[in-house]
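Raw contents of structure-v1.cif, mmCIF, C-alpha atoms:
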data_my_file
#
loop_
_atom_site.label_atom_id
_atom_site.label_comp_id
_atom_site.auth_asym_id
_atom_site.auth_seq_id
_atom_site.Cartn_x
_atom_site.Cartn_y
_atom_site.Cartn_z
CA MET A 842 0.17 122.85 -9.31
CA TYR A 843 2.51 120.71 -7.25
CA THR A 844 3.60 117.53 -9.04
CA HIS A 845 5.69 114.80 -7.50
CA THR A 846 8.49 114.13 -9.97
CA GLN A 847 10.95 112.10 -7.90
CA LEU A 848 9.27 108.87 -6.87
CA LYS A 849 11.16 106.90 -4.27
CA TYR A 850 10.03 103.54 -5.59
CA GLN A 851 9.55 102.92 -9.27
CA PHE A 852 8.26 99.48 -10.22
CA HIS A 853 9.17 98.47 -13.76
CA SER A 854 9.18 95.23 -15.67
CA HIS A 855 12.54 93.52 -15.44
CA PRO A 856 13.92 90.30 -16.96
CA PRO A 857 13.27 87.16 -14.88
CA PHE A 858 15.37 87.09 -11.74
CA LYS A 859 18.56 85.03 -11.95
CA ALA A 860 20.01 83.64 -8.76
CA ASP A 861 23.32 85.23 -7.90
CA LYS A 862 25.40 85.72 -4.80
CA ASP A 863 22.86 88.21 -3.43
CA TRP A 864 20.25 85.46 -3.22
CA ASN A 865 22.71 82.69 -2.36
CA MET A 866 23.94 84.83 0.53
CA ILE A 867 20.56 84.50 2.21
CA VAL A 868 21.07 81.95 4.96
CA ASP A 869 18.57 80.56 7.41
CA HIS A 870 20.40 80.70 10.71
CA SER A 871 18.64 82.83 13.34
CA SER A 872 15.91 83.67 10.85
CA HIS A 873 12.25 84.32 11.57
CA SER A 874 9.40 83.02 9.45
CA ALA A 875 6.33 80.85 9.68
CA VAL A 876 6.67 77.76 11.85
CA GLY A 877 8.23 74.93 9.87
CA MET A 878 9.30 77.05 6.89
CA LEU A 879 12.62 78.79 6.48
CA PRO A 880 12.65 81.95 4.35
CA SER A 881 14.62 80.25 1.56
CA GLU A 882 11.87 77.60 1.40
CA ARG A 883 8.96 79.99 1.74
CA PHE A 884 9.91 82.70 -0.77
CA GLU A 885 10.82 82.40 -4.44
CA PRO A 886 12.52 85.34 -6.19
CA LEU A 887 10.79 86.68 -9.30
CA ARG A 888 12.45 89.91 -10.39
CA ARG A 889 14.31 92.94 -9.11
CA LEU A 890 12.44 96.14 -8.33
CA GLU A 891 14.12 99.38 -9.27
CA VAL A 892 14.57 101.57 -6.22
CA ARG A 893 15.44 105.25 -5.98
CA GLY A 894 16.36 106.95 -2.75
CA GLY A 895 16.18 105.68 0.80
CA TRP A 896 19.52 105.62 2.61
CA ASN A 897 18.60 102.41 4.41
CA ASN A 898 17.57 100.55 1.25
CA GLU A 899 20.16 98.48 -0.62
CA GLY A 900 17.83 96.84 -3.12
CA MET A 901 14.41 95.18 -3.42
CA ILE A 902 13.28 91.93 -5.04
CA LEU A 903 9.74 90.87 -5.87
CA MET A 904 9.03 87.46 -4.33
CA SER A 905 6.37 84.77 -4.46
CA ASP A 906 5.20 83.67 -1.00
CA ARG A 907 4.58 79.92 -1.18
CA LEU A 908 2.79 79.99 2.18
CA SER A 909 0.07 82.49 1.23
CA GLY A 910 0.21 82.28 -2.56
CA GLU A 911 0.58 86.07 -2.67
CA LEU A 912 3.39 88.39 -3.72
CA ALA A 913 5.93 89.72 -1.24
CA VAL A 914 8.94 92.03 -1.31
CA LEU A 915 12.46 91.34 -0.09
CA LYS A 916 14.20 94.48 1.09
CA ARG A 917 17.92 94.42 1.75
CA ALA A 918 18.47 96.91 4.56
CA LYS A 919 21.68 98.44 5.81
CA VAL A 920 22.63 97.48 9.34
CA SER A 921 23.49 100.68 11.15
CA SER A 922 25.29 99.03 14.04
CA PHE A 923 25.97 95.64 15.55
CA GLU A 924 23.46 96.24 18.32
CA ASP A 925 20.64 97.97 16.49
CA ARG A 926 18.61 96.41 13.69
CA ASN A 927 16.31 99.38 13.83
CA GLU A 928 13.83 98.76 11.04
CA VAL A 929 13.33 95.07 11.77
CA GLU A 930 12.80 95.63 15.47
CA LYS A 931 10.20 98.33 14.83
CA LEU A 932 8.35 96.31 12.19
CA TYR A 933 7.96 93.33 14.51
CA ARG A 934 6.80 95.60 17.30
CA VAL A 935 4.01 97.15 15.21
CA LYS A 936 3.15 94.00 13.25
CA GLY A 937 -0.56 93.42 12.74
CA HIS A 938 -1.86 96.99 12.51
CA PRO A 939 -3.84 97.38 9.25
CA ASN A 940 -2.36 100.81 8.48
CA ILE A 941 1.29 99.82 8.97
CA SER A 942 3.37 97.75 6.54
CA GLU A 943 3.59 94.09 7.53
CA ILE A 944 6.83 92.17 7.99
CA LEU A 945 6.58 88.50 7.02
CA ALA A 946 10.05 87.16 7.81
CA HIS A 947 13.59 88.27 8.49
CA VAL A 948 17.09 86.92 7.93
CA PRO A 949 19.69 88.92 9.87
CA ALA A 950 23.05 89.94 8.46
CA SER A 951 25.84 87.67 9.74
CA LEU A 952 27.36 90.21 12.07
CA ASP A 953 28.52 87.48 14.45
CA GLN A 954 30.32 85.40 11.83
CA VAL A 955 33.13 87.62 10.59
CA LYS A 956 36.11 85.32 10.27
CA GLY A 957 38.81 85.81 12.87
CA LYS A 958 37.29 88.88 14.50
CA GLU A 959 34.72 89.72 17.12
CA PRO A 960 32.14 92.25 15.87
CA SER A 961 33.19 94.75 18.49
CA ARG A 962 36.75 94.76 17.11
CA ILE A 963 35.84 95.61 13.52
CA SER A 964 36.95 99.15 12.90
CA ASN A 965 34.56 100.36 10.19
CA ARG A 966 31.79 99.37 7.81
CA TYR A 967 34.12 99.03 4.83
CA GLU A 968 36.13 96.41 6.69
CA VAL A 969 32.90 94.60 7.56
CA TYR A 970 31.84 94.52 3.91
CA CYS A 971 35.23 93.19 2.78
CA HIS A 972 35.08 90.34 5.26
CA PHE A 973 31.47 89.52 4.45
CA GLU A 974 32.04 89.52 0.69
CA LYS A 975 35.08 87.24 1.05
CA MET A 976 33.13 84.74 3.15
CA HIS A 977 29.88 84.96 1.11
CA LEU A 978 27.89 85.94 4.17
CA PRO A 979 24.87 88.28 4.06
CA ILE A 980 25.94 91.86 4.67
CA HIS A 981 22.41 93.21 4.87
CA ASP A 982 19.34 92.41 6.90
CA GLN A 983 16.96 90.58 4.58
CA ILE A 984 13.43 91.82 5.33
CA PHE A 985 10.48 90.05 3.71
CA MET A 986 7.37 92.22 3.62
CA LYS A 987 3.89 92.25 2.20
CA TYR A 988 3.64 93.59 -1.35
CA TYR A 989 1.28 96.55 -1.65
CA VAL A 990 -0.37 97.45 -4.96
CA ALA A 991 -3.54 99.20 -6.10
CA LYS A 992 -5.09 99.48 -9.55
CA LEU A 993 -6.29 102.67 -11.16
CA GLY A 994 -8.03 101.22 -14.19
CA THR A 995 -5.27 99.30 -15.94
CA VAL A 996 -2.44 101.13 -14.14
CA GLU A 997 -0.76 99.64 -11.06
CA VAL A 998 0.39 102.03 -8.35
CA HIS A 999 2.14 101.38 -5.06
CA THR A 1000 2.40 104.68 -3.21
CA LEU A 1001 0.35 107.79 -2.54
CA ALA A 1002 2.94 109.74 -4.53
CA GLU A 1003 2.22 107.60 -7.61
CA ILE A 1004 -1.54 108.11 -7.25
CA LEU A 1005 -1.16 111.89 -7.10
CA GLN A 1006 1.20 111.88 -10.05
CA HIS A 1007 -1.15 109.68 -12.08
CA LYS A 1008 -4.21 111.77 -11.20
CA GLY A 1009 -2.52 115.14 -11.72
CA ASN A 1010 -2.92 115.86 -8.01
CA ARG A 1011 -6.72 115.69 -8.39
CA VAL A 1012 -8.41 113.02 -6.26
CA PRO A 1013 -11.98 112.59 -4.95
CA GLU A 1014 -12.74 114.15 -1.59
CA GLY A 1015 -13.59 110.74 -0.16
CA PHE A 1016 -10.06 109.55 -0.89
CA ALA A 1017 -8.60 112.59 0.89
CA TRP A 1018 -10.61 111.59 3.98
CA ALA A 1019 -9.34 108.01 3.63
CA VAL A 1020 -5.72 109.17 3.55
CA LEU A 1021 -6.23 111.40 6.59
CA MET A 1022 -7.94 108.66 8.64
CA GLY A 1023 -5.48 105.94 7.66
CA LEU A 1024 -2.41 107.94 8.61
CA LEU A 1025 -3.99 109.22 11.83
CA LYS A 1026 -4.74 105.64 12.91
CA ALA A 1027 -1.15 104.62 12.16
CA LEU A 1028 0.24 107.54 14.19
CA CYS A 1029 -2.09 106.87 17.13
CA PHE A 1030 -0.68 103.34 17.31
CA LEU A 1031 2.96 104.41 16.90
CA HIS A 1032 2.74 107.25 19.42
CA PHE A 1033 0.29 105.89 21.99
CA GLY A 1034 -0.10 102.13 21.41
CA SER A 1035 -3.78 102.60 20.54
CA VAL A 1036 -4.86 99.74 18.25
CA ASP A 1037 -8.56 100.65 18.03
CA VAL A 1038 -8.56 104.42 18.37
CA MET A 1039 -12.33 104.58 18.98
CA CYS A 1040 -12.07 102.28 22.01
CA ASP A 1041 -8.50 102.42 23.31
CA GLN A 1042 -6.97 105.05 25.49
CA SER A 1043 -3.24 105.77 25.43
CA ASP A 1044 -1.25 102.78 26.74
CA GLU A 1045 0.71 104.11 29.72
CA ASN A 1046 3.34 101.38 29.24
CA TRP A 1047 3.78 102.09 25.53
CA GLU A 1048 7.09 103.53 24.40
CA PRO A 1049 6.29 105.96 21.57
CA ILE A 1050 7.80 105.23 18.17
CA LEU A 1051 8.66 108.23 16.00
CA HIS A 1052 8.55 107.37 12.30
CA ARG A 1053 10.60 110.45 11.34
CA ASP A 1054 10.13 110.04 7.58
CA LEU A 1055 6.42 110.51 6.91
CA GLN A 1056 6.12 111.49 3.28
CA MET A 1057 4.04 110.42 0.29
CA ASP A 1058 6.72 108.02 -0.96
CA ASN A 1059 6.42 106.06 2.29
CA VAL A 1060 2.63 105.81 2.21
CA PHE A 1061 1.69 102.59 0.42
CA VAL A 1062 -1.72 101.86 -1.10
CA HIS A 1063 -3.39 98.48 -1.42
CA SER A 1064 -6.64 97.57 -3.14
CA GLY A 1065 -9.20 96.01 -0.83
CA GLN A 1066 -12.51 94.37 -1.64
CA VAL A 1067 -14.50 97.60 -1.85
CA GLY A 1068 -13.96 101.34 -1.61
CA TYR A 1069 -10.70 103.22 -1.76
CA PRO A 1070 -7.28 101.57 -1.45
CA ASP A 1071 -6.07 100.89 2.08
CA ILE A 1072 -3.57 103.46 3.37
CA VAL A 1073 -0.43 101.84 4.81
CA LEU A 1074 2.54 103.61 6.40
CA GLY A 1075 5.87 101.97 5.56
CA ASP A 1076 9.65 102.36 5.59
CA PHE A 1077 10.70 102.38 9.24
CA GLY A 1078 14.43 102.73 8.54
CA SER A 1079 14.59 106.15 10.20
CA SER A 1080 12.24 105.40 13.11
CA LYS A 1081 13.38 105.78 16.70
CA THR A 1082 11.96 105.52 20.18
CA GLU A 1083 12.51 108.37 22.59
CA ALA A 1084 14.88 106.15 24.58
CA GLN A 1085 16.98 105.61 21.46
CA LEU A 1086 17.18 109.35 20.90
CA ARG A 1087 18.12 109.83 24.54
CA THR A 1088 21.20 107.60 24.19
CA HIS A 1089 22.69 110.10 21.73
CA CYS A 1090 22.69 112.97 24.22
CA PRO A 1091 22.60 111.72 27.84
CA GLN A 1092 24.17 114.95 29.09
CA LEU A 1093 21.23 117.16 28.12
CA SER A 1094 18.68 118.39 30.62
CA ALA A 1095 15.01 117.54 30.07
CA LYS A 1096 14.32 120.93 28.46
CA GLU A 1097 17.45 120.77 26.30
CA PHE A 1098 16.47 117.28 25.18
CA GLU A 1099 12.99 118.44 24.16
CA ASP A 1100 14.48 121.38 22.25
CA TRP A 1101 16.97 119.07 20.53
CA LYS A 1102 14.28 116.48 19.73
CA ALA A 1103 12.17 119.19 18.11
CA LEU A 1104 14.86 119.54 15.43
CA PHE A 1105 14.02 116.06 14.09
CA PRO A 1106 11.31 115.54 11.47
CA SER A 1107 7.86 115.62 13.07
CA ASP A 1108 5.36 112.91 12.17
CA VAL A 1109 2.49 115.35 12.56
CA LYS A 1110 4.24 117.85 10.30
CA GLY A 1111 4.73 115.07 7.76
CA LEU A 1112 1.00 114.36 7.83
CA ARG A 1113 0.25 118.08 7.59
CA ASP A 1114 2.51 118.41 4.54
CA ILE A 1115 0.84 115.45 2.82
CA MET A 1116 -2.61 116.92 3.35
CA TYR A 1117 -1.40 120.36 2.23
CA ILE A 1118 -0.10 118.93 -1.06
CA MET A 1119 -3.37 117.08 -1.68
CA LEU A 1120 -5.74 119.91 -0.78
CA HIS A 1121 -3.99 123.07 -1.97
CA ASP A 1122 -2.94 124.63 -5.26
CA ASP A 1123 0.51 125.93 -4.44
CA ASN A 1124 2.87 126.15 -7.41
CA GLU A 1125 5.74 127.36 -5.24
CA TRP A 1126 5.36 124.89 -2.36
CA GLU A 1127 8.71 124.08 -0.75
CA GLY A 1128 7.52 122.57 2.51
CA GLY A 1129 5.37 123.85 5.32
CA GLY A 1130 2.23 125.83 4.62
CA VAL A 1131 -0.93 126.42 6.63
CA LEU A 1132 -3.87 124.11 5.95
CA GLY A 1133 -6.96 126.02 4.88
CA SER A 1134 -5.02 129.10 3.75
CA GLN A 1135 -5.42 131.11 0.53
CA THR A 1136 -4.27 128.31 -1.81
CA TRP A 1137 -7.04 125.98 -0.57
CA ARG A 1138 -8.83 124.45 -3.57
CA ARG A 1139 -12.43 125.56 -4.02
CA GLU A 1140 -13.84 122.13 -4.85
CA TRP A 1141 -13.32 120.82 -1.32
CA SER A 1142 -16.22 120.96 1.13
CA ASP A 1143 -16.33 123.28 4.12
CA GLN A 1144 -16.50 120.19 6.33
CA LEU A 1145 -13.14 118.95 5.03
CA ARG A 1146 -11.55 122.35 5.55
CA ASP A 1147 -12.89 122.55 9.09
CA ILE A 1148 -11.64 119.07 9.98
CA VAL A 1149 -8.03 119.62 8.84
CA LEU A 1150 -7.58 123.02 10.50
CA PRO A 1151 -6.63 121.55 13.93
CA LEU A 1152 -3.65 119.82 12.30
CA ASN A 1153 -2.01 123.25 12.09
CA ASP A 1154 -1.69 123.33 15.89
CA LEU A 1155 -0.96 119.70 16.79
CA LYS A 1156 2.60 118.82 17.80
CA ASN A 1157 4.60 115.60 17.62
CA VAL A 1158 3.37 112.87 20.03
CA ASP A 1159 0.58 115.26 21.02
CA PRO A 1160 -1.96 113.71 23.47
CA ARG A 1161 -4.67 115.64 21.62
CA LEU A 1162 -4.07 113.46 18.54
CA LEU A 1163 -6.23 110.62 19.89
CA GLU A 1164 -9.32 112.76 20.43
CA TYR A 1165 -8.73 114.57 17.14
CA THR A 1166 -8.60 111.22 15.30
CA ARG A 1167 -11.89 110.18 16.91
CA LEU A 1168 -13.43 113.47 15.80
CA VAL A 1169 -12.28 112.87 12.21
CA ILE A 1170 -13.72 109.34 12.16
CA ARG A 1171 -17.05 110.38 13.70
CA THR A 1172 -17.41 113.37 11.35
CA HIS A 1173 -16.62 111.23 8.31
CA ALA A 1174 -19.28 108.68 9.33
CA LYS A 1175 -21.92 111.40 9.69
CA LEU A 1176 -21.06 112.93 6.32
CA LEU A 1177 -21.31 109.52 4.64
CA GLU A 1178 -24.69 108.90 6.26
CA SER A 1179 -26.00 112.29 5.16
CA GLY A 1180 -24.73 111.84 1.60
CA ILE A 1181 -22.39 114.85 1.71
CA ILE A 1182 -19.47 112.50 1.02
CA ARG A 1183 -20.01 109.93 -1.72
CA PHE A 1184 -17.74 107.30 -3.16
CA GLU A 1185 -16.17 108.45 -6.43
CA ARG A 1186 -13.86 106.14 -8.32
CA LEU A 1187 -10.19 107.12 -8.31
#
Re-express the file's structure as structure tokens.
Amino acid sequence: MYTHTQLKYQFHSHPPFKADKDWNMIVDHSSHSAVGMLPSERFEPLRRLEVRGGWNNEGMILMSDRLSGELAVLKRAKVSSFEDRNEVEKLYRVKGHPNISEILAHVPASLDQVKGKEPSRISNRYEVYCHFEKMHLPIHDQIFMKYYVAKLGTVEVHTLAEILQHKGNRVPEGFAWAVLMGLLKALCFLHFGSVDVMCDQSDENWEPILHRDLQMDNVFVHSGQVGYPDIVLGDFGSSKTEAQLRTHCPQLSAKEFEDWKALFPSDVKGLRDIMYIMLHDDNEWEGGGVLGSQTWRREWSDQLRDIVLPLNDLKNVDPRLLEYTRLVIRTHAKLLESGIIRFERL
């Protein structure tokens, strides 16, 4: 049986947070938050969160949001260039979708305040860090985001990976449907700008966003009022638009560009891998795999097997994804009505 042993985020109890230069370095110039409240006024640090993995992640802090009275997370993100605050830009662009992590506020790194030098004249990142440390200026984007947590009895979990680890990779069929529908809705919005997939067609003016890191560690879970936890896609540090990818290889022909783009991680393949891990018994799984193949677990219904089979053929930013998502949602509703799918507690 596949078990997820390397969790990207591990949330442990830590001593109370003590203000240090990391927090003092958060300044309010050019920051974005609720009207009338600067981030330093709105958020209060509580404790550090231990983080493993994620090249774009330089540390996370659990915060109290004075505006909403709820918990939030401060993520310190690397700035990949002076022009491109990739994760922040994407989070603001997709803000408001229920299946995508929500940004609350942002304090940019002080890229324009390096003493005695214009940003364009700084030779490398190490030199940037030295200047920033000397001047006590923030060297990371400070991203304030909603805090996602779900309870399994007395245990708190934050990601799909943690749920599968806690449950020994055995979850109710209804939850598997919830994961599939939640991630499909997120991808339909990222790829086609479709907010309500049952009503919206593809937005012809929408520039597709490729997440490029769809894995269980980046799927957050959040307890709602009833039913299964909400499924929320997060961590947009690796995301790109097609135009951004194009800037890396302007000399390629259209066909060469498509071939080159195919080398990058596929969002649909990421979804396929997640469903494969959940629905199959494959002790030797190392990526890939065909949904519905010989390692398919016997306890799943024929209806679930039939509905995931088309994922084997879908490609990245595939126009067929919208109609497939509608089919999944309609089929799920009919199975609920007929009693074939019933709510079972996680």
Legend entry - Given the PyMOL selection byres ((chain A and resi 1167-1177) around 12), the residues it picks as a count of residues only: 45
Inset, instruction - Have a look at A:Arg934, A:His1121, A:Lys916, A:Arg1011 and name the one nearest to A:Pro886; count only C-alpha atoms. - result: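 So, comparing all the options, the nearest one is A:Lys916.
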Inset, instruction - Just say which residues the PyMOL selection byres ((chain A and resi 1007-1009) around 12) picks in this file, as a VMD selection string. - result: chain A and resid 842 to 846 848 992 to 1006 1010 to 1013 1118 to 1119 1122 1186 to 1187
Legend entry - Using all atoms listed in the file: which of A:Gly910, A:Gly900, A:Pro939, A:Gly1078 has the shortest distance to A:Gly1065: A:Pro939
Inset, instruction - Fewer than 2 positions away in the same chain doesn't count, so skip those; otherwise give me all residues within 9 Å of A:Gly1075, counting only C-alpha atoms, as a list in words. - result: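 In the requested format, the answer is Asn940, Ile941, Ser942, Glu943, Leu1055, Asp1058, Asn1059, Val1060, Phe1061, Val1073 and Phe1077 of chain A.
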Write out, as a PDB file, in the frame of the given file, the residues just selected, with C-alpha atoms.
ATOM      1  CA  ASN A 940      -2.360 100.810   8.480  1.00  0.00           C
ATOM      2  CA  ILE A 941       1.290  99.820   8.970  1.00  0.00           C
ATOM      3  CA  SER A 942       3.370  97.750   6.540  1.00  0.00           C
ATOM      4  CA  GLU A 943       3.590  94.090   7.530  1.00  0.00           C
ATOM      5  CA  LEU A1055       6.420 110.510   6.910  1.00  0.00           C
ATOM      6  CA  ASP A1058       6.720 108.020  -0.960  1.00  0.00           C
ATOM      7  CA  ASN A1059       6.420 106.060   2.290  1.00  0.00           C
ATOM      8  CA  VAL A1060       2.630 105.810   2.210  1.00  0.00           C
ATOM      9  CA  PHE A1061       1.690 102.590   0.420  1.00  0.00           C
ATOM     10  CA  VAL A1073      -0.430 101.840   4.810  1.00  0.00           C
ATOM     11  CA  PHE A1077      10.700 102.380   9.240  1.00  0.00           C
TER      12      PHE A1077
END
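Going from atom CA of A:Ser1134 to atom CA of A:Leu1051 covers 27.8 Å.
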Inset, instruction - Report the distance between atom CA of A:Glu928 and atom CA of A:Ser1080 in Å, rounded to one decimal place. - result: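 These two atoms are separated by 7.1 Å.
Counting only C-alpha atoms, the residue from A:Glu899, A:Glu885, A:Asp1044, A:Glu1125 that sits nearest to A:Asp982 is A:Glu899.
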Inset, instruction - Check what the PyMOL selection byres ((chain A and resi 946) around 12) selects in the file above and give those residues as a count of residues only. - result: 37
Student task, stretch 975-1048 of chain A output with C-alpha atoms as a PDB file, in the first residue's frame:
ATOM      1  CA  LYS A 975      22.378  45.283   6.510  1.00  0.00           C
ATOM      2  CA  MET A 976      19.498  47.719   6.060  1.00  0.00           C
ATOM      3  CA  HIS A 977      16.887  45.600   7.921  1.00  0.00           C
ATOM      4  CA  LEU A 978      14.600  45.558   4.908  1.00  0.00           C
ATOM      5  CA  PRO A 979      12.329  42.618   4.030  1.00  0.00           C
ATOM      6  CA  ILE A 980      14.079  40.235   1.658  1.00  0.00           C
ATOM      7  CA  HIS A 981      11.010  38.106   1.033  1.00  0.00           C
ATOM      8  CA  ASP A 982       7.491  38.737  -0.133  1.00  0.00           C
ATOM      9  CA  GLN A 983       5.274  38.469   2.932  1.00  0.00           C
ATOM     10  CA  ILE A 984       2.072  36.676   1.886  1.00  0.00           C
ATOM     11  CA  PHE A 985      -0.822  36.499   4.358  1.00  0.00           C
ATOM     12  CA  MET A 986      -3.225  33.675   3.549  1.00  0.00           C
ATOM     13  CA  LYS A 987      -6.227  31.920   4.985  1.00  0.00           C
ATOM     14  CA  TYR A 988      -5.405  29.114   7.412  1.00  0.00           C
ATOM     15  CA  TYR A 989      -6.867  25.774   6.345  1.00  0.00           C
ATOM     16  CA  VAL A 990      -7.534  22.996   8.868  1.00  0.00           C
ATOM     17  CA  ALA A 991      -9.883  20.031   9.186  1.00  0.00           C
ATOM     18  CA  LYS A 992     -10.573  17.749  12.137  1.00  0.00           C
ATOM     19  CA  LEU A 993     -10.610  13.975  12.016  1.00  0.00           C
ATOM     20  CA  GLY A 994     -11.979  13.268  15.466  1.00  0.00           C
ATOM     21  CA  THR A 995      -9.467  14.930  17.765  1.00  0.00           C
ATOM     22  CA  VAL A 996      -6.710  15.105  15.122  1.00  0.00           C
ATOM     23  CA  GLU A 997      -6.118  18.273  13.091  1.00  0.00           C
ATOM     24  CA  VAL A 998      -5.006  17.874   9.480  1.00  0.00           C
ATOM     25  CA  HIS A 999      -4.191  20.461   6.849  1.00  0.00           C
ATOM     26  CA  THR A1000      -3.525  18.627   3.588  1.00  0.00           C
ATOM     27  CA  LEU A1001      -4.861  15.705   1.597  1.00  0.00           C
ATOM     28  CA  ALA A1002      -1.523  13.974   2.195  1.00  0.00           C
ATOM     29  CA  GLU A1003      -2.085  14.131   5.963  1.00  0.00           C
ATOM     30  CA  ILE A1004      -5.597  12.703   5.634  1.00  0.00           C
ATOM     31  CA  LEU A1005      -4.358   9.729   3.607  1.00  0.00           C
ATOM     32  CA  GLN A1006      -1.514   9.138   6.020  1.00  0.00           C
ATOM     33  CA  HIS A1007      -3.850   9.313   9.013  1.00  0.00           C
ATOM     34  CA  LYS A1008      -6.432   7.017   7.406  1.00  0.00           C
ATOM     35  CA  GLY A1009      -3.908   4.497   6.075  1.00  0.00           C
ATOM     36  CA  ASN A1010      -4.886   5.460   2.540  1.00  0.00           C
ATOM     37  CA  ARG A1011      -8.445   4.247   3.182  1.00  0.00           C
ATOM     38  CA  VAL A1012     -11.134   6.916   2.773  1.00  0.00           C
ATOM     39  CA  PRO A1013     -14.898   6.760   2.075  1.00  0.00           C
ATOM     40  CA  GLU A1014     -15.933   6.756  -1.566  1.00  0.00           C
ATOM     41  CA  GLY A1015     -17.861   9.987  -1.056  1.00  0.00           C
ATOM     42  CA  PHE A1016     -14.648  11.744  -0.052  1.00  0.00           C
ATOM     43  CA  ALA A1017     -12.894  10.472  -3.196  1.00  0.00           C
ATOM     44  CA  TRP A1018     -15.680  12.085  -5.248  1.00  0.00           C
ATOM     45  CA  ALA A1019     -15.273  15.311  -3.245  1.00  0.00           C
ATOM     46  CA  VAL A1020     -11.537  15.435  -3.985  1.00  0.00           C
ATOM     47  CA  LEU A1021     -12.113  14.805  -7.690  1.00  0.00           C
ATOM     48  CA  MET A1022     -14.816  17.488  -7.992  1.00  0.00           C
ATOM     49  CA  GLY A1023     -12.937  20.079  -5.949  1.00  0.00           C
ATOM     50  CA  LEU A1024      -9.739  19.796  -7.962  1.00  0.00           C
ATOM     51  CA  LEU A1025     -11.599  19.697 -11.286  1.00  0.00           C
ATOM     52  CA  LYS A1026     -13.396  22.948 -10.395  1.00  0.00           C
ATOM     53  CA  ALA A1027     -10.079  24.570  -9.467  1.00  0.00           C
ATOM     54  CA  LEU A1028      -8.477  23.493 -12.764  1.00  0.00           C
ATOM     55  CA  CYS A1029     -11.458  24.671 -14.824  1.00  0.00           C
ATOM     56  CA  PHE A1030     -11.010  28.130 -13.320  1.00  0.00           C
ATOM     57  CA  LEU A1031      -7.213  28.185 -13.729  1.00  0.00           C
ATOM     58  CA  HIS A1032      -7.256  26.896 -17.298  1.00  0.00           C
ATOM     59  CA  PHE A1033     -10.443  28.440 -18.696  1.00  0.00           C
ATOM     60  CA  GLY A1034     -11.594  31.188 -16.310  1.00  0.00           C
ATOM     61  CA  SER A1035     -14.795  29.250 -15.555  1.00  0.00           C
ATOM     62  CA  VAL A1036     -16.032  30.258 -12.085  1.00  0.00           C
ATOM     63  CA  ASP A1037     -19.277  28.250 -12.120  1.00  0.00           C
ATOM     64  CA  VAL A1038     -18.445  25.265 -14.280  1.00  0.00           C
ATOM     65  CA  MET A1039     -22.100  24.237 -14.652  1.00  0.00           C
ATOM     66  CA  CYS A1040     -23.041  27.615 -16.153  1.00  0.00           C
ATOM     67  CA  ASP A1041     -19.883  29.199 -17.565  1.00  0.00           C
ATOM     68  CA  GLN A1042     -18.253  28.472 -20.864  1.00  0.00           C
ATOM     69  CA  SER A1043     -14.529  29.005 -21.397  1.00  0.00           C
ATOM     70  CA  ASP A1044     -13.634  32.717 -21.167  1.00  0.00           C
ATOM     71  CA  GLU A1045     -12.070  33.573 -24.537  1.00  0.00           C
ATOM     72  CA  ASN A1046     -10.133  36.447 -22.929  1.00  0.00           C
ATOM     73  CA  TRP A1047      -8.781  34.306 -20.095  1.00  0.00           C
ATOM     74  CA  GLU A1048      -5.055  33.621 -20.041  1.00  0.00           C
TER      75      GLU A1048
END
